$ cat final_0.csv   # CSV, C-alpha atoms
chain,number,residue,atom,x,y,z
A,1,MET,CA,-17.4,-19.4,-1.5
A,2,THR,CA,-17.4,-15.7,-0.5
A,3,PRO,CA,-14.0,-14.4,0.3
A,4,ARG,CA,-13.5,-13.3,3.8
A,5,VAL,CA,-13.4,-9.5,4.0
A,6,ARG,CA,-11.3,-8.1,6.7
A,7,PRO,CA,-10.7,-4.3,6.6
A,8,ALA,CA,-7.2,-3.1,7.3
A,9,LYS,CA,-8.1,-1.9,10.7
A,10,PRO,CA,-4.8,-2.6,12.5
A,11,SER,CA,-2.9,-0.1,10.3
A,12,LEU,CA,-5.5,2.7,10.4
A,13,PRO,CA,-5.1,3.9,13.9
A,14,THR,CA,-1.4,4.2,13.5
A,15,VAL,CA,-1.6,6.2,10.3
A,16,GLU,CA,-4.4,8.3,11.8
A,17,ALA,CA,-2.4,9.0,15.0
A,18,LEU,CA,0.6,10.0,13.0
A,19,LEU,CA,-1.3,12.4,10.8
A,20,ARG,CA,-3.1,13.9,13.7
A,21,ALA,CA,0.2,14.2,15.6
A,22,LEU,CA,1.6,16.2,12.7
A,23,GLY,CA,-1.4,18.5,13.0
A,24,ALA,CA,-3.1,17.6,9.8
A,25,ASP,CA,-6.7,19.0,9.2
A,26,PRO,CA,-9.0,16.4,10.9
A,27,ALA,CA,-11.5,16.6,8.0
A,28,PHE,CA,-8.7,15.9,5.6
A,29,VAL,CA,-7.5,13.0,7.7
A,30,GLU,CA,-11.0,11.6,7.9
A,31,ALA,CA,-11.5,11.8,4.1
A,32,VAL,CA,-8.1,10.3,3.2
A,33,LEU,CA,-8.4,7.4,5.6
A,34,GLY,CA,-12.0,6.8,4.7
A,35,ASP,CA,-11.1,6.5,1.0
A,36,LEU,CA,-8.2,4.2,1.8
A,37,ALA,CA,-10.5,2.0,3.9
A,38,GLU,CA,-13.2,1.9,1.3
A,39,GLU,CA,-10.9,0.9,-1.5
A,40,CYS,CA,-9.0,-1.5,0.7
A,41,ALA,CA,-12.3,-3.3,1.5
A,42,GLU,CA,-13.2,-3.5,-2.2
A,43,ARG,CA,-9.8,-4.8,-3.1
A,44,ALA,CA,-9.9,-7.4,-0.2
A,45,ALA,CA,-13.2,-8.7,-1.6
A,46,ARG,CA,-11.9,-8.8,-5.2
A,47,ASP,CA,-8.2,-9.6,-4.9
A,48,GLY,CA,-7.8,-11.1,-1.4
A,49,VAL,CA,-6.8,-9.6,1.9
A,50,ARG,CA,-3.1,-10.0,1.4
A,51,ALA,CA,-3.2,-8.0,-1.9
A,52,ALA,CA,-5.4,-5.4,-0.3
A,53,ARG,CA,-3.0,-4.9,2.6
A,54,TRP,CA,0.0,-4.5,0.2
A,55,TRP,CA,-2.0,-2.0,-1.8
A,56,TYR,CA,-2.8,-0.1,1.4
A,57,VAL,CA,0.9,0.0,2.5
A,58,ARG,CA,2.0,1.1,-1.0
A,59,GLU,CA,-0.7,3.7,-1.2
A,60,ALA,CA,0.2,5.1,2.2
A,61,VAL,CA,3.9,5.4,1.2
A,62,ARG,CA,3.0,7.0,-2.2
A,63,SER,CA,0.7,9.5,-0.4
A,64,ALA,CA,3.2,10.5,2.3
A,65,PRO,CA,5.1,13.1,0.3
A,66,HIS,CA,1.9,14.8,-0.7
A,67,LEU,CA,0.5,14.8,2.8
A,68,VAL,CA,3.8,16.3,4.1
A,69,ARG,CA,3.6,19.0,1.5
A,70,SER,CA,0.0,19.7,2.4
A,71,TRP,CA,0.9,19.8,6.1
A,72,ARG,CA,3.7,22.3,5.4
A,73,ARG,CA,1.3,24.5,3.6
A,74,HIS,CA,-1.3,24.5,6.4
A,75,ALA,CA,0.6,23.9,9.6
A,76,GLY,CA,0.9,26.7,12.1
A,77,ARG,CA,4.1,27.9,13.8
A,78,HIS,CA,3.6,25.7,16.9
A,79,GLN,CA,3.0,22.6,14.9
A,80,ARG,CA,6.1,23.2,12.7
A,81,ALA,CA,8.2,23.8,15.9
A,82,ARG,CA,6.9,20.7,17.5
A,83,VAL,CA,7.7,18.5,14.5
A,84,ALA,CA,11.1,20.2,14.0
A,85,ALA,CA,12.0,19.5,17.7
A,86,CYS,CA,11.0,15.8,17.2
A,87,VAL,CA,13.1,15.5,14.1
A,88,ALA,CA,16.1,17.2,15.8
A,89,LEU,CA,15.7,14.9,18.8
A,90,GLY,CA,15.6,11.9,16.4
A,91,VAL,CA,18.7,13.0,14.6
A,92,VAL,CA,20.7,13.6,17.8
A,93,ALA,CA,19.6,10.2,19.2
A,94,SER,CA,20.5,8.4,16.0
A,95,SER,CA,23.9,10.2,15.9
A,96,VAL,CA,24.6,9.3,19.5
A,97,ALA,CA,23.6,5.6,18.8
A,98,VAL,CA,25.8,5.5,15.7
A,99,LEU,CA,28.8,7.0,17.5
A,100,ALA,CA,28.4,4.6,20.4
A,101,LEU,CA,28.3,1.7,18.0
A,102,LEU,CA,31.4,2.9,16.1
A,103,ALA,CA,33.3,3.5,19.4
A,104,GLY,CA,32.3,0.0,20.5
A,105,ALA,CA,33.6,-1.5,17.2
A,106,ALA,CA,36.9,0.4,17.5
A,107,VAL,CA,37.5,-0.9,21.0
A,108,THR,CA,36.8,-4.5,19.8
A,109,VAL,CA,39.2,-4.2,16.9
A,110,ALA,CA,42.0,-2.5,18.9
A,111,HIS,CA,41.8,-4.9,21.8
A,112,PRO,CA,39.6,-7.9,21.3
A,113,GLY,CA,38.0,-9.2,24.5
A,114,ARG,CA,38.3,-5.9,26.4
A,115,GLY,CA,35.4,-4.0,25.0
A,116,SER,CA,35.6,-0.7,26.9
A,117,ALA,CA,36.9,2.8,26.3
A,118,ASP,CA,39.5,2.3,29.0
A,119,ALA,CA,41.0,-0.5,26.9
A,120,VAL,CA,41.8,1.9,24.1
A,121,ALA,CA,43.5,4.3,26.6
A,122,THR,CA,45.5,1.4,28.1
A,123,VAL,CA,46.7,0.3,24.7
A,124,ALA,CA,47.7,3.8,23.8
A,125,ILE,CA,50.0,4.3,26.8
A,126,GLU,CA,51.7,0.9,26.9
A,127,PRO,CA,55.4,1.1,26.0
A,128,GLU,CA,56.4,-0.5,22.7
A,129,ASN,CA,58.6,-3.6,22.9
A,130,LEU,CA,61.8,-2.5,21.0
A,131,PRO,CA,63.9,-5.2,19.5
B,132,MET,CA,-10.7,39.5,-10.4
B,133,PRO,CA,-8.4,37.3,-12.5
B,134,ALA,CA,-9.0,33.5,-12.3
B,135,PRO,CA,-6.4,31.7,-10.2
B,136,ARG,CA,-3.7,29.8,-12.1
B,137,ILE,CA,-4.3,26.1,-12.2
B,138,GLY,CA,-2.1,23.2,-13.2
B,139,SER,CA,-2.9,20.3,-15.4
B,140,LEU,CA,-3.8,17.9,-12.5
B,141,GLU,CA,-5.9,20.6,-10.9
B,142,LEU,CA,-7.8,21.2,-14.2
B,143,ALA,CA,-8.3,17.4,-14.6
B,144,ALA,CA,-9.6,17.2,-11.0
B,145,LEU,CA,-11.9,20.3,-11.5
B,146,LEU,CA,-13.4,18.6,-14.7
B,147,ALA,CA,-13.8,15.3,-12.8
B,148,VAL,CA,-15.8,17.1,-10.1
B,149,ALA,CA,-17.9,18.8,-12.7
B,150,ARG,CA,-18.6,15.5,-14.5
B,151,LEU,CA,-19.3,13.5,-11.3
B,152,ALA,CA,-21.7,16.2,-9.9
B,153,ASP,CA,-23.3,14.8,-6.7
B,154,ASP,CA,-21.0,11.8,-6.6
B,155,ALA,CA,-17.8,13.8,-6.6
B,156,TYR,CA,-15.8,12.5,-3.6
B,157,GLY,CA,-12.1,11.6,-3.4
B,158,LEU,CA,-12.3,8.0,-4.5
B,159,ALA,CA,-14.6,8.7,-7.4
B,160,VAL,CA,-12.5,11.6,-8.6
B,161,ARG,CA,-9.4,9.4,-8.4
B,162,ARG,CA,-11.1,6.7,-10.5
B,163,ASP,CA,-12.3,9.3,-13.0
B,164,LEU,CA,-8.7,10.7,-13.3
B,165,ALA,CA,-7.2,7.2,-13.8
B,166,GLU,CA,-9.8,6.3,-16.5
B,167,ARG,CA,-9.3,9.6,-18.4
B,168,THR,CA,-5.6,10.3,-18.0
B,169,GLY,CA,-4.3,6.7,-17.7
B,170,ARG,CA,-2.3,7.6,-14.6
B,171,ASP,CA,-2.9,6.1,-11.2
B,172,HIS,CA,-2.6,9.1,-8.9
B,173,SER,CA,-2.2,8.3,-5.2
B,174,VAL,CA,-5.0,9.1,-2.7
B,175,GLY,CA,-2.7,11.7,-1.1
B,176,ALA,CA,-2.0,13.4,-4.5
B,177,VAL,CA,-5.8,13.6,-5.3
B,178,TYR,CA,-6.7,14.9,-1.9
B,179,THR,CA,-4.0,17.6,-1.8
B,180,THR,CA,-5.1,18.7,-5.2
B,181,LEU,CA,-8.7,18.9,-4.2
B,182,GLN,CA,-7.7,20.8,-1.0
B,183,ARG,CA,-5.6,23.2,-3.1
B,184,LEU,CA,-8.6,23.9,-5.3
B,185,GLU,CA,-10.8,24.5,-2.3
B,186,ASP,CA,-8.2,26.9,-0.9
B,187,LYS,CA,-8.3,28.8,-4.2
B,188,GLY,CA,-12.1,29.0,-4.0
B,189,LEU,CA,-12.8,26.8,-7.0
B,190,LEU,CA,-14.4,24.0,-5.0
B,191,THR,CA,-16.4,23.7,-1.8
B,192,SER,CA,-16.7,20.5,0.2
B,193,ARG,CA,-19.1,19.0,2.8
B,194,ALA,CA,-18.9,15.8,4.8
B,195,GLY,CA,-21.5,13.1,4.1
B,196,ALA,CA,-22.9,10.6,6.5
B,197,PRO,CA,-20.6,8.0,8.1
B,198,LEU,CA,-20.5,4.7,6.2
B,199,PRO,CA,-19.7,1.2,7.5
B,200,VAL,CA,-17.6,0.4,4.4
B,201,ARG,CA,-15.3,3.3,5.3
B,202,GLY,CA,-14.8,2.1,8.9
B,203,GLY,CA,-17.5,4.6,10.1
B,204,ARG,CA,-15.9,7.6,8.3
B,205,SER,CA,-17.7,9.9,6.1
B,206,ARG,CA,-17.1,10.9,2.4
B,207,ARG,CA,-16.1,14.4,1.6
B,208,HIS,CA,-18.2,15.6,-1.3
B,209,PHE,CA,-16.9,18.4,-3.6
B,210,THR,CA,-18.9,20.9,-5.5
B,211,LEU,CA,-17.8,23.3,-8.2
B,212,THR,CA,-18.1,27.0,-7.3
B,213,GLY,CA,-18.9,29.8,-9.8
B,214,ALA,CA,-15.1,30.6,-9.8
B,215,GLY,CA,-14.4,27.0,-10.5
B,216,ALA,CA,-16.8,27.0,-13.5
B,217,ARG,CA,-15.1,30.2,-14.8
B,218,ALA,CA,-11.7,28.7,-14.4
B,219,ILE,CA,-12.7,25.7,-16.5
B,220,ARG,CA,-14.1,28.0,-19.2
B,221,GLU,CA,-10.9,30.1,-19.1
B,222,ALA,CA,-8.7,27.0,-19.4
B,223,GLU,CA,-10.8,25.9,-22.4
B,224,ARG,CA,-10.4,29.3,-24.1
B,225,HIS,CA,-6.7,29.2,-23.4
B,226,ALA,CA,-6.3,25.7,-24.9
B,227,VAL,CA,-8.3,26.6,-28.0
B,228,SER,CA,-6.2,29.7,-28.4
B,229,ILE,CA,-2.9,28.0,-28.2
B,230,TRP,CA,-4.1,25.2,-30.5
B,231,ALA,CA,-5.4,27.6,-33.1
B,232,GLY,CA,-3.7,27.2,-36.5
B,233,VAL,CA,-1.8,24.0,-35.8
B,234,GLY,CA,-4.5,21.5,-36.6
B,235,GLY,CA,-3.3,20.9,-40.2
B,236,ILE,CA,0.3,20.5,-39.1
B,237,VAL,CA,0.0,18.0,-36.3
B,238,ARG,CA,-3.0,16.1,-37.5
B,239,PRO,CA,-2.8,13.8,-40.6
B,240,GLU,CA,-4.7,15.1,-43.6
B,241,PRO,CA,-7.9,13.2,-44.3
B,242,ALA,CA,-7.5,10.8,-47.2
$ encode --input "final_0.csv" --output "C-alpha coordinates"
Amino acid sequence: MTPRVRPAKPSLPTVEALLRALGADPAFVEAVLGDLAEECAERAARDGVRAARWWYVREAVRSAPHLVRSWRRHAGRHQRARVAACVALGVVASSVAVLALLAGAAVTVAHPGRGSADAVATVAIEPENLP
Amino acid sequence: MPAPRIGSLELAALLAVARLADDAYGLAVRRDLAERTGRDHSVGAVYTTLQRLEDKGLLTSRAGAPLPVRGGRSRRHFTLTGAGARAIREAERHAVSIWAGVGGIVRPEPA
(Lines of atoms letter the chains of each structure in order from A and count residues from 1; the text may use other names and numbers.)
(Lines give C-alpha, C1' and ligand atoms only; values in the text may rest on other atoms or scores of the structure.)
Protein backbone atom coordinates (compact mmCIF):
# COMPACT_ATOMS: atom_id res chain seq x y z
CA MET A 1 0.00 0.00 0.00
CA THR A 2 1.31 3.43 -0.91
CA PRO A 3 1.73 5.63 2.17
CA ARG A 4 -0.45 8.70 2.22
CA VAL A 5 1.69 11.77 1.50
CA ARG A 6 0.54 14.96 3.10
CA PRO A 7 2.90 17.92 2.81
CA ALA A 8 3.40 20.02 5.93
CA LYS A 9 1.19 22.79 4.58
CA PRO A 10 -0.30 23.91 7.91
CA SER A 11 3.08 25.00 9.28
CA LEU A 12 4.40 26.65 6.13
CA PRO A 13 2.29 29.84 6.07
CA THR A 14 3.15 30.53 9.73
CA VAL A 15 6.89 30.24 9.16
CA GLU A 16 6.66 32.18 5.93
CA ALA A 17 4.63 34.96 7.55
CA LEU A 18 7.18 35.17 10.39
CA LEU A 19 10.15 35.35 8.03
CA ARG A 20 8.45 37.94 5.83
CA ALA A 21 7.44 40.00 8.88
CA LEU A 22 11.10 40.02 9.94
CA GLY A 23 11.90 41.50 6.55
CA ALA A 24 13.82 38.51 5.15
CA ASP A 25 14.69 38.52 1.45
CA PRO A 26 11.62 37.03 -0.36
CA ALA A 27 13.85 34.97 -2.71
CA PHE A 28 15.67 33.57 0.31
CA VAL A 29 12.38 32.72 2.08
CA GLU A 30 11.06 31.05 -1.09
CA ALA A 31 14.19 28.90 -1.45
CA VAL A 32 14.40 27.87 2.21
CA LEU A 33 10.70 27.01 2.52
CA GLY A 34 10.75 25.21 -0.84
CA ASP A 35 13.65 23.02 0.29
CA LEU A 36 11.91 22.30 3.60
CA ALA A 37 8.70 21.35 1.76
CA GLU A 38 10.54 19.17 -0.79
CA GLU A 39 12.48 17.21 1.81
CA CYS A 40 9.44 17.01 4.09
CA ALA A 41 7.41 15.43 1.26
CA GLU A 42 10.21 12.92 0.58
CA ARG A 43 10.47 12.01 4.24
CA ALA A 44 6.68 11.68 4.54
CA ALA A 45 6.71 9.13 1.69
CA ARG A 46 9.69 7.25 3.16
CA ASP A 47 9.30 7.50 6.97
CA GLY A 48 5.66 8.52 7.44
CA VAL A 49 3.89 11.82 7.99
CA ARG A 50 4.54 12.01 11.74
CA ALA A 51 8.31 11.57 11.35
CA ALA A 52 8.35 14.10 8.53
CA ARG A 53 6.54 16.67 10.66
CA TRP A 54 8.99 16.17 13.53
CA TRP A 55 11.85 16.59 11.10
CA TYR A 56 10.26 19.79 9.80
CA VAL A 57 9.87 21.27 13.28
CA ARG A 58 13.41 20.23 14.29
CA GLU A 59 14.85 21.67 11.08
CA ALA A 60 12.94 24.95 11.49
CA VAL A 61 14.29 25.30 15.06
CA ARG A 62 17.86 24.43 13.98
CA SER A 63 17.65 26.92 11.12
CA ALA A 64 16.28 29.79 13.21
CA PRO A 65 19.64 31.11 14.58
CA HIS A 66 21.15 31.13 11.09
CA LEU A 67 18.13 32.91 9.64
CA VAL A 68 18.25 35.53 12.41
CA ARG A 69 21.97 36.11 11.79
CA SER A 70 21.29 36.43 8.08
CA TRP A 71 18.45 38.83 8.76
CA ARG A 72 20.69 40.97 11.01
CA ARG A 73 23.24 41.18 8.20
CA HIS A 74 20.74 42.20 5.54
CA ALA A 75 17.98 44.08 7.39
CA GLY A 76 17.61 47.83 6.94
CA ARG A 77 17.31 50.36 9.74
CA HIS A 78 13.49 50.43 9.64
CA GLN A 79 13.21 46.64 9.81
CA ARG A 80 15.61 46.49 12.75
CA ALA A 81 13.66 49.27 14.53
CA ARG A 82 10.35 47.48 13.93
CA VAL A 83 11.62 44.18 15.34
CA ALA A 84 13.34 45.94 18.27
CA ALA A 85 10.03 47.69 19.10
CA CYS A 86 8.15 44.37 18.96
CA VAL A 87 10.73 42.69 21.24
CA ALA A 88 10.64 45.63 23.69
CA LEU A 89 6.83 45.54 23.76
CA GLY A 90 6.94 41.79 24.39
CA VAL A 91 9.44 42.21 27.25
CA VAL A 92 7.33 44.95 28.88
CA ALA A 93 4.10 42.95 28.50
CA SER A 94 5.75 39.84 29.97
CA SER A 95 7.21 41.84 32.87
CA VAL A 96 3.82 43.38 33.66
CA ALA A 97 2.17 39.95 33.52
CA VAL A 98 4.81 38.42 35.83
CA LEU A 99 4.54 41.33 38.29
CA ALA A 100 0.75 41.04 38.31
CA LEU A 101 0.99 37.31 38.98
CA LEU A 102 3.52 37.85 41.79
CA ALA A 103 1.37 40.57 43.35
CA GLY A 104 -1.67 38.30 43.19
CA ALA A 105 0.27 35.47 44.85
CA ALA A 106 1.52 37.80 47.62
CA VAL A 107 -2.03 38.92 48.41
CA THR A 108 -3.25 35.33 48.50
CA VAL A 109 -0.46 34.31 50.91
CA ALA A 110 -0.85 37.38 53.18
CA HIS A 111 -4.62 37.23 53.38
CA PRO A 112 -6.20 34.09 51.97
CA GLY A 113 -9.65 34.66 50.56
CA ARG A 114 -9.19 38.39 50.02
CA GLY A 115 -7.28 38.48 46.82
CA SER A 116 -6.85 42.20 46.25
CA ALA A 117 -4.19 44.83 46.75
CA ASP A 118 -6.48 46.57 49.30
CA ALA A 119 -6.25 43.46 51.43
CA VAL A 120 -2.49 43.88 51.83
CA ALA A 121 -2.91 47.53 52.81
CA THR A 122 -5.61 46.61 55.31
CA VAL A 123 -3.45 43.92 56.89
CA ALA A 124 -0.53 46.34 57.18
CA ILE A 125 -2.44 49.02 59.11
CA GLU A 126 -4.34 46.73 61.53
CA PRO A 127 -3.09 47.14 65.16
CA GLU A 128 -1.33 44.17 66.61
CA ASN A 129 -3.01 42.30 69.44
CA LEU A 130 -0.61 42.69 72.38
CA PRO A 131 -0.73 40.07 75.10
CA MET B 1 42.15 42.15 -6.27
CA PRO B 2 42.75 39.66 -3.43
CA ALA B 3 40.32 36.74 -3.14
CA PRO B 4 37.81 37.13 -0.29
CA ARG B 5 38.50 35.05 2.81
CA ILE B 6 36.35 31.95 3.07
CA GLY B 7 35.72 29.56 5.94
CA SER B 8 35.72 25.76 5.83
CA LEU B 9 31.93 25.43 5.39
CA GLU B 10 32.02 28.10 2.69
CA LEU B 11 34.78 26.23 0.86
CA ALA B 12 32.87 22.93 1.16
CA ALA B 13 29.73 24.63 -0.22
CA LEU B 14 31.69 26.18 -3.11
CA LEU B 15 33.14 22.78 -3.98
CA ALA B 16 29.67 21.20 -3.78
CA VAL B 17 28.29 23.82 -6.20
CA ALA B 18 31.23 23.17 -8.55
CA ARG B 19 30.62 19.39 -8.41
CA LEU B 20 26.85 19.55 -8.81
CA ALA B 21 27.06 22.01 -11.74
CA ASP B 22 23.53 22.44 -13.18
CA ASP B 23 21.90 20.60 -10.27
CA ALA B 24 23.34 22.90 -7.58
CA TYR B 25 20.39 24.03 -5.48
CA GLY B 26 20.06 24.19 -1.69
CA LEU B 27 18.84 20.67 -0.98
CA ALA B 28 21.36 19.03 -3.34
CA VAL B 29 24.21 21.08 -1.83
CA ARG B 30 23.07 20.10 1.66
CA ARG B 31 23.05 16.39 0.73
CA ASP B 32 26.46 16.64 -0.90
CA LEU B 33 27.87 18.31 2.22
CA ALA B 34 26.33 15.63 4.48
CA GLU B 35 27.78 12.86 2.34
CA ARG B 36 31.29 14.30 2.18
CA THR B 37 31.69 15.93 5.59
CA GLY B 38 29.54 13.52 7.61
CA ARG B 39 27.75 16.49 9.19
CA ASP B 40 24.04 17.18 8.90
CA HIS B 41 23.95 20.94 8.39
CA SER B 42 20.55 22.60 8.79
CA VAL B 43 18.73 24.08 5.79
CA GLY B 44 19.21 27.54 7.33
CA ALA B 45 22.96 27.02 7.77
CA VAL B 46 23.39 25.93 4.15
CA TYR B 47 21.33 28.79 2.73
CA THR B 48 23.01 31.48 4.82
CA THR B 49 26.37 30.10 3.67
CA LEU B 50 25.29 30.14 0.03
CA GLN B 51 23.91 33.65 0.46
CA ARG B 52 27.19 34.80 2.03
CA LEU B 53 29.13 33.35 -0.91
CA GLU B 54 26.80 35.18 -3.28
CA ASP B 55 27.36 38.42 -1.37
CA LYS B 56 31.12 37.89 -1.77
CA GLY B 57 30.66 37.47 -5.52
CA LEU B 58 31.80 33.84 -5.55
CA LEU B 59 28.39 32.48 -6.62
CA THR B 60 25.43 33.72 -8.62
CA SER B 61 21.91 32.37 -8.33
CA ARG B 62 18.74 32.20 -10.38
CA ALA B 63 15.25 30.92 -9.62
CA GLY B 64 14.00 27.86 -11.50
CA ALA B 65 10.44 26.97 -12.41
CA PRO B 66 7.88 26.43 -9.60
CA LEU B 67 7.51 22.74 -8.69
CA PRO B 68 4.48 20.97 -7.18
CA VAL B 69 6.72 18.89 -4.88
CA ARG B 70 7.90 22.17 -3.31
CA GLY B 71 4.38 23.46 -2.76
CA GLY B 72 4.59 25.59 -5.91
CA ARG B 73 7.91 27.17 -4.93
CA SER B 74 10.90 27.32 -7.21
CA ARG B 75 14.43 26.03 -6.66
CA ARG B 76 17.29 28.53 -6.41
CA HIS B 77 20.13 27.28 -8.60
CA PHE B 78 23.66 28.40 -7.81
CA THR B 79 26.54 28.80 -10.26
CA LEU B 80 30.22 29.32 -9.58
CA THR B 81 31.60 32.67 -10.79
CA GLY B 82 35.13 33.29 -12.04
CA ALA B 83 36.00 34.70 -8.62
CA GLY B 84 34.56 31.54 -7.04
CA ALA B 85 36.74 29.30 -9.20
CA ARG B 86 39.78 31.43 -8.31
CA ALA B 87 38.89 31.17 -4.60
CA ILE B 88 38.81 27.36 -4.89
CA ARG B 89 42.22 27.27 -6.60
CA GLU B 90 43.60 29.66 -3.99
CA ALA B 91 42.25 27.48 -1.16
CA GLU B 92 43.84 24.40 -2.74
CA ARG B 93 47.20 26.17 -3.12
CA HIS B 94 46.98 27.28 0.50
CA ALA B 95 46.15 23.75 1.71
CA VAL B 96 49.01 22.22 -0.31
CA SER B 97 51.36 24.86 1.07
CA ILE B 98 50.48 24.28 4.72
CA TRP B 99 50.60 20.48 4.29
CA ALA B 100 54.00 20.55 2.60
CA GLY B 101 56.69 18.63 4.46
CA VAL B 102 54.46 16.88 7.01
CA GLY B 103 53.38 13.89 4.93
CA GLY B 104 56.03 11.54 6.36
CA ILE B 105 55.30 12.65 9.92
CA VAL B 106 51.55 12.31 10.07
CA ARG B 107 51.08 9.43 7.65
CA PRO B 108 52.29 5.91 8.47
CA GLU B 109 55.30 4.75 6.46
CA PRO B 110 54.41 2.18 3.80
CA ALA B 111 55.40 -1.35 4.88
$ interface_residues --input "final_0.csv" --of "chain A" --to "chain B" --cutoff "6 Å" --atoms "only C-alpha atoms" --output "JSON, numbers by chain"
{"A": [31, 34, 35, 37, 38, 63, 66, 67]}
$ atom_distance --input "final_0.csv" --atom1 "atom CA of B:Gly188" --atom2 "atom CA of B:Ala222"
15.9 Å
$ residues_near_point --input "final_0.csv" --point "(-17.1, 26.4, -17.3)" --cutoff "12 Å" --atoms "all atoms listed in the file" --output "PyMOL selection string"
chain B and resi 134+142+145-146+148-150+189+211-224
